[in-house]
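Note sheet for the following structure.
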Amino acid sequence: MKLLSILKKGILFTGLLLLWISGCTSSKPTQEAIVNETEAYLLVYFKDNDHSLHMAVSYDGYSFEDVRDGEPVIGGDTIAYQKGIRDPHIYRGPDGSFYLAMTDLHIFAHRAGFRDTEWDRPGEEYGWGNNKGFVLMKSNDLISWKRANVLIDEQFAGYENIGCAWAPQTIYDEDKGELMIYFTMRFGDGLNRLYYSYVNNEYDTLLSEPALLFEYPAECSYIDGDITKVGDKYHLFYVAHDEGRAGIKKSVSDSIHTGYQYDPQWYDFESVVCEAPNVWKRTDEESWVLMYDVYGVNPHNFGFCETTDFETFEYLGHFNEGVMKSVNFTSPKHGAVIQLTKNEADRLITHWK
């Protein structure tokens, strides 16, 4: 109780919170129960000003309220080698556990006093925002977390000169029976591409050497993959830096990590640059929302469109400029949404009151 009291007064994420404490031994709902009982949504995101993890909850899929009034629930300086996180993604596995993957990177760490140079390694050799790995976290209740810091250059020989490892996301490979992480990676200051690797059930070690997930037909960077299975098809949304812009494109495959077919169409509705696509399903109808980070506007905002067939999309606008609302927070960056049961959402909100 003392720990909870301290946390609620604003001291973020002490080392004790990283242990498997009471929440990690609580019973988890079955997958069937989760599907039948989902009545809420959880949005995870970060902000440029603090490079930390934020959470917001919605009960209708339209209005999202931050559980700490816009303050972080986990400080990036408490969990990351570079003292900051970016690009949080959350996934509920077939075991009912929550898997949280984040980029270990603070782009303003020099300014914040965490390092003596602009980047962790020379920018002329490794490019903008160079980093080496991820923060991976696993929880049964969204409150108590087990953490691992995974550096790709330490996991695999020959990866000492990777220029970046960004935007990790998690999905379950039904055919292989294992969790798969897919992410953006480059070597040196070269082009960014999408790769995948398998991860162990403890969510603290990559099991396979990164392999190319999808190959873009032009010589340009493509980043920020997001995979959604609908029926027997896998829809990969991603960001292409092509044709003088950065925006959202899509490829489709019968396989989770091979055979994605290039589609030249742009799927965002923006006149400025955007990134970080994330697809999530509405709980009570056969429709999906494509959400993305519109970083070309100031302040930053999210854009939304909706589909029932993954071919035609209806534009919903930005947060607080249409039907989508952010109640008590602004300037979100690179978010992801999952469904929750009402009990899970209530418990999370109660914890942070």
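We label chains A, B, ... in the order they appear in the structure tokens, count residues from 1 in each chain, and number ligands from 1 in the order shown.
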
Considering only C-alpha atoms, give me a table of residues in range 180-258 of chain A that are at most 12 Å from range 328-340 of chain A, with the closest atom pair and distance in Å for each, as CSV.
```
residue,atom,partner,partner_atom,distance
A:Asp224,CA,A:His334,CA,9.4
A:Gly225,CA,A:His334,CA,11.8
A:Asp226,CA,A:Ala336,CA,9.7
A:Ile227,CA,A:Ala336,CA,12.0
A:Thr228,CA,A:Ile338,CA,11.9
```

Shell around range 258-268 of chain A at 10 Å using only C-alpha atoms, local window under 3 positions removed, as an NGL selection string
:A and (212-217 or 234-240 or 246-255 or 271-275 or 277 or 290-292 or 294 or 303-305 or 310-313 or 315)

Just-selected residues, N, CA and C atoms written as a CSV table (one decimal), in the first residue's frame:
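Result written to part11.csv:
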```
chain,number,residue,atom,x,y,z
A,212,LEU,N,14.3,-9.8,-43.4
A,212,LEU,CA,13.6,-8.8,-44.1
A,212,LEU,C,12.1,-9.2,-44.1
A,213,LEU,N,11.2,-8.3,-43.7
A,213,LEU,CA,9.8,-8.6,-43.6
A,213,LEU,C,9.1,-8.3,-45.0
A,214,PHE,N,9.5,-7.2,-45.6
A,214,PHE,CA,8.9,-6.8,-46.8
A,214,PHE,C,9.9,-5.9,-47.6
A,215,GLU,N,10.0,-6.0,-48.9
A,215,GLU,CA,10.9,-5.2,-49.7
A,215,GLU,C,10.2,-4.2,-50.5
A,216,TYR,N,10.4,-3.0,-50.3
A,216,TYR,CA,9.8,-1.9,-51.1
A,216,TYR,C,10.4,-1.9,-52.5
A,217,PRO,N,9.6,-1.6,-53.5
A,217,PRO,CA,10.2,-1.7,-54.9
A,217,PRO,C,11.1,-0.6,-55.3
A,234,TYR,N,-3.2,-11.1,-44.1
A,234,TYR,CA,-2.4,-10.2,-43.2
A,234,TYR,C,-2.2,-8.9,-43.9
A,235,HIS,N,-2.7,-7.8,-43.3
A,235,HIS,CA,-2.6,-6.4,-43.8
A,235,HIS,C,-1.5,-5.7,-43.1
A,236,LEU,N,-0.4,-5.4,-43.9
A,236,LEU,CA,0.7,-4.6,-43.4
A,236,LEU,C,0.6,-3.2,-43.8
A,237,PHE,N,0.3,-2.3,-42.8
A,237,PHE,CA,0.4,-0.9,-43.1
A,237,PHE,C,1.8,-0.4,-42.7
A,238,TYR,N,2.4,0.6,-43.4
A,238,TYR,CA,3.7,1.0,-43.1
A,238,TYR,C,3.9,2.4,-43.7
A,239,VAL,N,5.0,3.0,-43.4
A,239,VAL,CA,5.3,4.4,-43.9
A,239,VAL,C,6.3,4.3,-45.0
A,240,ALA,N,6.0,4.9,-46.1
A,240,ALA,CA,7.0,5.0,-47.2
A,240,ALA,C,7.5,6.4,-47.3
A,246,ALA,N,6.1,11.6,-46.9
A,246,ALA,CA,6.1,10.4,-46.0
A,246,ALA,C,4.7,10.2,-45.6
A,247,GLY,N,4.2,9.0,-45.9
A,247,GLY,CA,2.8,8.7,-45.7
A,247,GLY,C,2.5,7.2,-45.6
A,248,ILE,N,1.2,6.8,-45.5
A,248,ILE,CA,0.9,5.5,-45.1
A,248,ILE,C,0.5,4.7,-46.4
A,249,LYS,N,1.2,3.5,-46.5
A,249,LYS,CA,0.9,2.6,-47.6
A,249,LYS,C,0.5,1.2,-47.0
A,250,LYS,N,0.1,0.3,-47.8
A,250,LYS,CA,-0.3,-1.0,-47.3
A,250,LYS,C,0.1,-2.1,-48.3
A,251,SER,N,0.4,-3.3,-47.7
A,251,SER,CA,0.7,-4.5,-48.5
A,251,SER,C,-0.1,-5.7,-47.8
A,252,VAL,N,-0.5,-6.7,-48.6
A,252,VAL,CA,-1.3,-7.8,-48.1
A,252,VAL,C,-0.6,-9.1,-48.5
A,253,SER,N,-0.7,-10.1,-47.5
A,253,SER,CA,-0.1,-11.4,-47.8
A,253,SER,C,-1.0,-12.5,-47.1
A,254,ASP,N,-0.8,-13.7,-47.6
A,254,ASP,CA,-1.4,-14.9,-46.9
A,254,ASP,C,-0.5,-15.4,-45.8
A,255,SER,N,0.7,-14.8,-45.7
A,255,SER,CA,1.7,-15.2,-44.7
A,255,SER,C,2.0,-14.0,-43.8
A,271,SER,N,-2.3,16.2,-45.9
A,271,SER,CA,-1.6,17.1,-46.9
A,271,SER,C,-0.2,17.3,-46.3
A,272,VAL,N,0.1,16.8,-45.1
A,272,VAL,CA,1.5,17.0,-44.5
A,272,VAL,C,1.9,15.6,-44.2
A,273,VAL,N,3.2,15.5,-43.7
A,273,VAL,CA,3.8,14.2,-43.5
A,273,VAL,C,3.2,13.5,-42.2
A,274,CYS,N,3.1,12.1,-42.3
A,274,CYS,CA,2.6,11.4,-41.2
A,274,CYS,C,3.3,10.0,-41.1
A,275,GLU,N,3.2,9.3,-40.0
A,275,GLU,CA,3.9,8.1,-39.8
A,275,GLU,C,3.1,7.2,-38.7
A,277,PRO,N,1.4,4.1,-38.5
A,277,PRO,CA,0.1,3.6,-38.6
A,277,PRO,C,-0.2,2.5,-37.5
A,290,LEU,N,-7.9,3.0,-38.7
A,290,LEU,CA,-6.5,3.2,-39.0
A,290,LEU,C,-6.1,4.6,-38.4
A,291,MET,N,-5.3,4.5,-37.4
A,291,MET,CA,-4.8,5.7,-36.7
A,291,MET,C,-3.3,5.9,-37.1
A,292,TYR,N,-2.9,7.2,-37.2
A,292,TYR,CA,-1.5,7.5,-37.5
A,292,TYR,C,-1.1,8.8,-36.9
A,294,VAL,N,0.3,12.4,-37.1
A,294,VAL,CA,0.5,13.5,-38.1
A,294,VAL,C,1.6,14.4,-37.5
A,303,GLY,N,-4.2,11.3,-36.7
A,303,GLY,CA,-5.2,11.3,-37.7
A,303,GLY,C,-5.9,9.9,-37.7
A,304,PHE,N,-7.2,9.9,-38.2
A,304,PHE,CA,-8.0,8.7,-38.1
A,304,PHE,C,-8.8,8.5,-39.4
A,305,CYS,N,-8.9,7.2,-39.8
A,305,CYS,CA,-9.9,6.9,-40.8
A,305,CYS,C,-10.4,5.5,-40.5
A,310,PHE,N,-11.1,-2.9,-45.7
A,310,PHE,CA,-9.7,-2.6,-45.9
A,310,PHE,C,-9.4,-2.2,-47.4
A,311,GLU,N,-10.4,-1.7,-48.1
A,311,GLU,CA,-10.3,-1.2,-49.4
A,311,GLU,C,-10.7,0.3,-49.5
A,312,THR,N,-11.8,0.6,-48.9
A,312,THR,CA,-12.3,1.9,-48.8
A,312,THR,C,-12.2,2.4,-47.4
A,313,PHE,N,-11.8,3.7,-47.2
A,313,PHE,CA,-11.6,4.2,-45.9
A,313,PHE,C,-12.3,5.6,-45.8
A,315,TYR,N,-12.5,9.1,-43.8
A,315,TYR,CA,-11.7,10.0,-43.0
A,315,TYR,C,-12.5,10.5,-41.8
```

So which residues of range 8-221 of chain A fall under strand (DSSP E or B) by DSSP, listed as JSON, numbers by chain?
{"A": [38, 39, 40, 41, 42, 43, 44, 45, 46, 53, 54, 55, 56, 57, 58, 63, 64, 65, 66, 74, 85, 86, 87, 88, 89, 90, 91, 92, 98, 99, 100, 101, 102, 103, 104, 133, 134, 135, 136, 137, 138, 139, 146, 147, 148, 149, 150, 151, 162, 163, 164, 165, 166, 167, 168, 169, 170, 171, 172, 173, 178, 179, 180, 181, 182, 183, 184, 185, 186, 187, 193, 194, 195, 196, 197, 198, 199, 206, 211, 212, 213, 214]}

Shell around Tyr45 in chain A at 12 Å using only C-alpha atoms, local window under 4 positions removed, as a PyMOL selection string
chain A and resi 50-57+64+66+70-74+85-90+100-103+167+276+278+291-293+301-302+329-337

Could you pull out all residues of range 91-149 of chain A with a DSSP call of alpha helix (DSSP H) and give them as a ChimeraX atom specification?
/A:123-126

With N, CA and C atoms kept, could you save the residues just selected as a PDB file, in the first residue's frame?
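As a result, result-v7.pdb now contains:
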```
ATOM      1  N   GLY A 123      26.691  11.013 -35.665  1.00  0.00           N
ATOM      2  CA  GLY A 123      25.606  11.120 -36.625  1.00  0.00           C
ATOM      3  C   GLY A 123      26.051  10.938 -38.060  1.00  0.00           C
ATOM      4  N   GLU A 124      27.277  11.347 -38.384  1.00  0.00           N
ATOM      5  CA  GLU A 124      27.755  11.206 -39.756  1.00  0.00           C
ATOM      6  C   GLU A 124      27.947   9.742 -40.143  1.00  0.00           C
ATOM      7  N   GLU A 125      28.088   8.864 -39.161  1.00  0.00           N
ATOM      8  CA  GLU A 125      28.248   7.430 -39.441  1.00  0.00           C
ATOM      9  C   GLU A 125      26.947   6.645 -39.288  1.00  0.00           C
ATOM     10  N   TYR A 126      26.113   7.041 -38.321  1.00  0.00           N
ATOM     11  CA  TYR A 126      24.940   6.235 -37.986  1.00  0.00           C
ATOM     12  C   TYR A 126      23.613   6.946 -38.211  1.00  0.00           C
TER      13      TYR A 126
END
```

Applying 8 Å and only C-alpha atoms, which residues near range 187-204 of chain A remain after dropping the ones on its own chain fewer than 4 positions away? List them as number ranges by chain.
A: 99, 124-127, 136-138, 147-150, 161-164, 178-183, 208-215, 219-225, 257

Within 6 Å of Gly133 in chain A using only C-alpha atoms, minus same-chain residues under 2 positions, as a PyMOL selection string:
chain A and resi 104+150-152+165

Please produce a file of those selected residues containing C-alpha atoms, as a PDB file, in the first residue's frame.
```
ATOM      1  CA  ASP A 104      15.077   2.747 -26.541  1.00  0.00           C
ATOM      2  CA  VAL A 150      17.278  -5.867 -25.672  1.00  0.00           C
ATOM      3  CA  LEU A 151      20.200  -4.596 -27.763  1.00  0.00           C
ATOM      4  CA  ILE A 152      20.362  -6.179 -31.206  1.00  0.00           C
ATOM      5  CA  ALA A 165      16.285  -0.308 -34.316  1.00  0.00           C
TER       6      ALA A 165
END
```

Would you compute the distance between CA of Tyr41 in chain A and CA of Met185 in chain A? Give it in Å to one decimal.
29.5 Å
